[in-house]
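A.B. asks: Sharing a structure with you now.
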Amino acid sequence: MGKPSDYFEIMRPVNSVMVGVAIIVGALITGGLGLLGDLSILLYSFLTGFTLTGASMAINDYFDRAIDAINEPKRPIPSGRVSPQGAVLFTAFLSVVGLASSFMISYSALGVAFFAWVVMMLYSMWGKRMGFLGNLMVSSCIALPFIYGGLLSGRIMASFSFSLLAFLANTGREVTKGIVDIQGDKSAGIRTIAVVHGASRAADIATLFFIAAVASSVVPVYLGLVSYWYIPFVLMSDVGLIVSSYQIIGDPSRTTSRKIKTRILYLMIIGLIGFGAGSLI
C-alpha cells in the first residue's frame with residue numbers, strides 16, 4: 001500500500017507547494033492585500049494548485065514507471081514503495097479535492113482548473129512522448145497559476161507578465177530535464193530535443209529560454225506592477241539563470257544538467273518570493 005510519506009513524495013511537495021503559493025501570489029500581485037480579508041478563497045486557491053499539481057506528478061510517475069526504472073529507480077513506484085494502482089487511486093483522490101476546491105471559488109475558477117487538469121493528464125498519457133510539445137504543455141500549466149490568481153482578483157490581464165516569465169524559465173528547465181532523462185526517453189521512444197538533436201543542441205535551446213526569461217523579468221518593472229523590493233530577488237534569479245546557461249553550454253552532461261534542473265526550480269521559488277515582495281511591500 002505504501003506509507004503516507006511515500007505518497008507525499010510522489011506528489012513532489014516542493015513543486016506542488018510552489019504552484020499553490022503561485023496562485024495566491026498571483027492574486028495578491030494583481031489584487032493587493034485586500035484579498036487577505038477572504039482567507040477561505042485563498043485556502044481553496046492553494047488547495048486547488050497543491051492537489052492538482054500533486055495529481056499530475058502522481059499520474060506522470062504511473063505512466064513513466066518503466067522509464068523511471070532506468071532513469072530514477074529510487075522513486076516510489078519503481079522502488080516498489082507505491083504500487084501503480086495506488087498511484088492511480090491517489091491521483092483520482094487529489095483530482096477530486098482540487099476540482100472541488102476550485103468549484104468552491106467560482107465557475108470560472110473551476111473552468112481554468114479543469115482546463116489545467118486536462119492538459120496535465122494529456123501530457124502524462126500522450127504529450128510527453130511528443131518531446132518539445134510536451135515541454136510547452138508542462139510550462140503552460142506552470143504559467144496558469146498566475147492567470148488563475150489574476151482571475152480571483154478580477155485583474156487577469158495584469159498577471160500575464162508574470163505568467164510569461166514562469167513559462168520561459170520552466171520551458172528551459174524542461175528541455176534541460178530531457179538531457180537528464182535521455183537514456184530512458186530514448187528507450188521509450190520519447191522524442192525530446194536531447195534525444196532527436198543531441199545534448200548540446202538541447203543545451204543551446206534551454207539557454208535561449210533561460211535568457212528570454214531574464215529579459216522578460218524587466219517587464220513587471222516597466223509596467224509599474226511591482227515595487228523596488230522585486231529587484232533584489234529577481235536579480236538573484238537572473239544571475240542564477242545566466243550562470244546556469246553558461247554551465248550547461250560548457251558541459252551539457254547528465255550530471256551538470258541534473259544540478260541545473262534542480263537549481264532552476266529553486267531560482268523560480270526565489271523569483272516567486274520577489275513577485276510577492278514587489279507587490280505587497
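Going through the C-alpha cells in order, the chains are called A, B, and so on, while each chain numbers its residues from 1 and the ligands are numbered from 1 in the order shown.
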Which residues are close to A:Val112, i.e. within 8 Å by only C-alpha atoms, leaving aside same-chain residues fewer than 4 positions away? Reply as a ChimeraX atom specification.
C.D. replies: /A:108,116,148
A.B. asks: So that I can see what lies close to stretch 39-44 of chain A, please list as a short mmCIF file (atom, residue, chain, number, x, y, z; two decimals) with C-alpha atoms, in the first residue's frame the residues with an atom at most 12 Å from it, counting only C-alpha atoms and leaving out residues fewer than 3 positions away in the same chain.
C.D. replies:
data_model
loop_
_atom_site.label_atom_id
_atom_site.label_comp_id
_atom_site.auth_asym_id
_atom_site.auth_seq_id
_atom_site.Cartn_x
_atom_site.Cartn_y
_atom_site.Cartn_z
CA GLY A 20 -0.31 26.65 -4.67
CA VAL A 21 1.69 29.65 -3.48
CA ALA A 22 1.95 30.96 -7.07
CA ILE A 23 -1.85 31.17 -7.26
CA ILE A 24 -2.02 33.17 -4.04
CA VAL A 25 0.86 35.40 -5.11
CA GLY A 26 -0.79 35.91 -8.50
CA ALA A 27 -3.98 37.01 -6.78
CA LEU A 28 -2.17 39.34 -4.36
CA LEU A 33 -3.63 42.90 0.22
CA GLY A 34 -7.39 43.36 0.31
CA LEU A 35 -7.74 39.73 -0.77
CA LEU A 36 -6.27 38.65 2.57
CA LEU A 47 -5.60 23.59 -2.26
CA THR A 48 -6.50 23.72 -5.95
CA GLY A 49 -2.91 24.29 -7.04
CA PHE A 50 -1.37 21.96 -4.47
CA THR A 51 -3.61 18.95 -5.10
CA LEU A 52 -3.91 19.21 -8.89
CA VAL A 97 -10.11 17.52 -3.97
CA GLY A 98 -8.52 20.02 -6.36
CA LEU A 99 -11.53 20.43 -8.65
CA ALA A 100 -13.92 20.61 -5.70
CA SER A 101 -11.77 23.35 -4.17
CA SER A 102 -11.91 25.39 -7.38
CA PHE A 103 -15.69 24.90 -7.55
CA MET A 104 -15.95 26.47 -4.09
CA ILE A 105 -14.45 29.66 -5.55
CA SER A 106 -16.42 30.15 -8.77
CA ALA A 109 -12.11 29.14 -11.39
CA LEU A 110 -13.41 25.61 -11.94
CA ALA A 113 -8.65 24.40 -13.06
CA TYR A 148 -5.76 31.79 -12.07
CA GLY A 149 -4.69 34.24 -9.37
CA LEU A 151 -8.92 35.68 -12.19
CA LEU A 152 -9.51 35.71 -8.43
CA SER A 153 -8.60 39.39 -8.17
#
A.B. asks: Would you pick out the contacts of A:Ile147 at 7 Å or less, using only C-alpha atoms, so that residues sharing its chain but fewer than 3 positions from it are not included, and give the list as a PDB file with N, CA and C atoms, in the first residue's frame?
C.D. replies:
ATOM      1  N   LEU A 144      -0.140  28.962 -15.707  1.00  0.00           N
ATOM      2  CA  LEU A 144      -1.562  29.151 -15.406  1.00  0.00           C
ATOM      3  C   LEU A 144      -1.859  29.627 -13.987  1.00  0.00           C
ATOM      4  N   GLY A 150      -4.919  35.945 -11.089  1.00  0.00           N
ATOM      5  CA  GLY A 150      -5.476  37.163 -11.656  1.00  0.00           C
ATOM      6  C   GLY A 150      -6.979  37.088 -11.807  1.00  0.00           C
ATOM      7  N   LEU A 151      -7.482  35.895 -12.089  1.00  0.00           N
ATOM      8  CA  LEU A 151      -8.925  35.678 -12.189  1.00  0.00           C
ATOM      9  C   LEU A 151      -9.598  35.938 -10.845  1.00  0.00           C
ATOM     10  N   ILE A 156      -7.087  39.962 -14.560  1.00  0.00           N
ATOM     11  CA  ILE A 156      -6.393  38.851 -15.211  1.00  0.00           C
ATOM     12  C   ILE A 156      -5.305  39.334 -16.171  1.00  0.00           C
ATOM     13  N   SER A 159      -1.743  39.772 -14.840  1.00  0.00           N
ATOM     14  CA  SER A 159      -0.997  38.571 -14.441  1.00  0.00           C
ATOM     15  C   SER A 159      -0.153  37.992 -15.570  1.00  0.00           C
ATOM     16  N   PHE A 160      -0.355  38.461 -16.803  1.00  0.00           N
ATOM     17  CA  PHE A 160       0.302  37.812 -17.936  1.00  0.00           C
ATOM     18  C   PHE A 160       1.821  38.008 -17.954  1.00  0.00           C
ATOM     19  N   SER A 163       3.191  35.380 -15.784  1.00  0.00           N
ATOM     20  CA  SER A 163       2.997  34.081 -16.429  1.00  0.00           C
ATOM     21  C   SER A 163       4.054  33.836 -17.494  1.00  0.00           C
TER      22      SER A 163
END
A.B. asks: Taking into account only C-alpha atoms, which residue in the set A:Gly278, A:Pro220, A:Gly54, A:Pro73 is nearest to A:Ala87?
C.D. replies: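 For A:Ala87, the nearest of the candidates is A:Gly54.
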A.B. asks: As an MDAnalysis selection string, please: every residue in stretch 155-233 of chain A that a backbone DSSP assignment puts in alpha helix (DSSP H).
C.D. replies: chainID A and resid 160:180 182:188 193:197 199:216 219:222 230:233
A.B. asks: Which residues are near A:Val138? Cut-off 12 Å, only C-alpha atoms, ignore same chain within fewer than 5 positions. Put them as a ChimeraX atom specification.
C.D. replies: /A:53,56-57,60,116-124,127-128,130-133,143-144,166-175
A.B. asks: Could you state the separation of atom CA of A:Thr192 and atom CA of A:Gly178 in Å, given to one decimal place?
C.D. replies: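 These two atoms are separated by 6.1 Å.
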A.B. asks: Identify, on the basis of only C-alpha atoms, every residue whose closest approach to A:Ala213 does not exceed 12 Å; exclude the query and any residue fewer than 4 positions from it along the same chain; express the result as a ChimeraX atom specification.
C.D. replies: /A:161-173,206-209,217-219,234-235,237-242,245,264,267-268,271
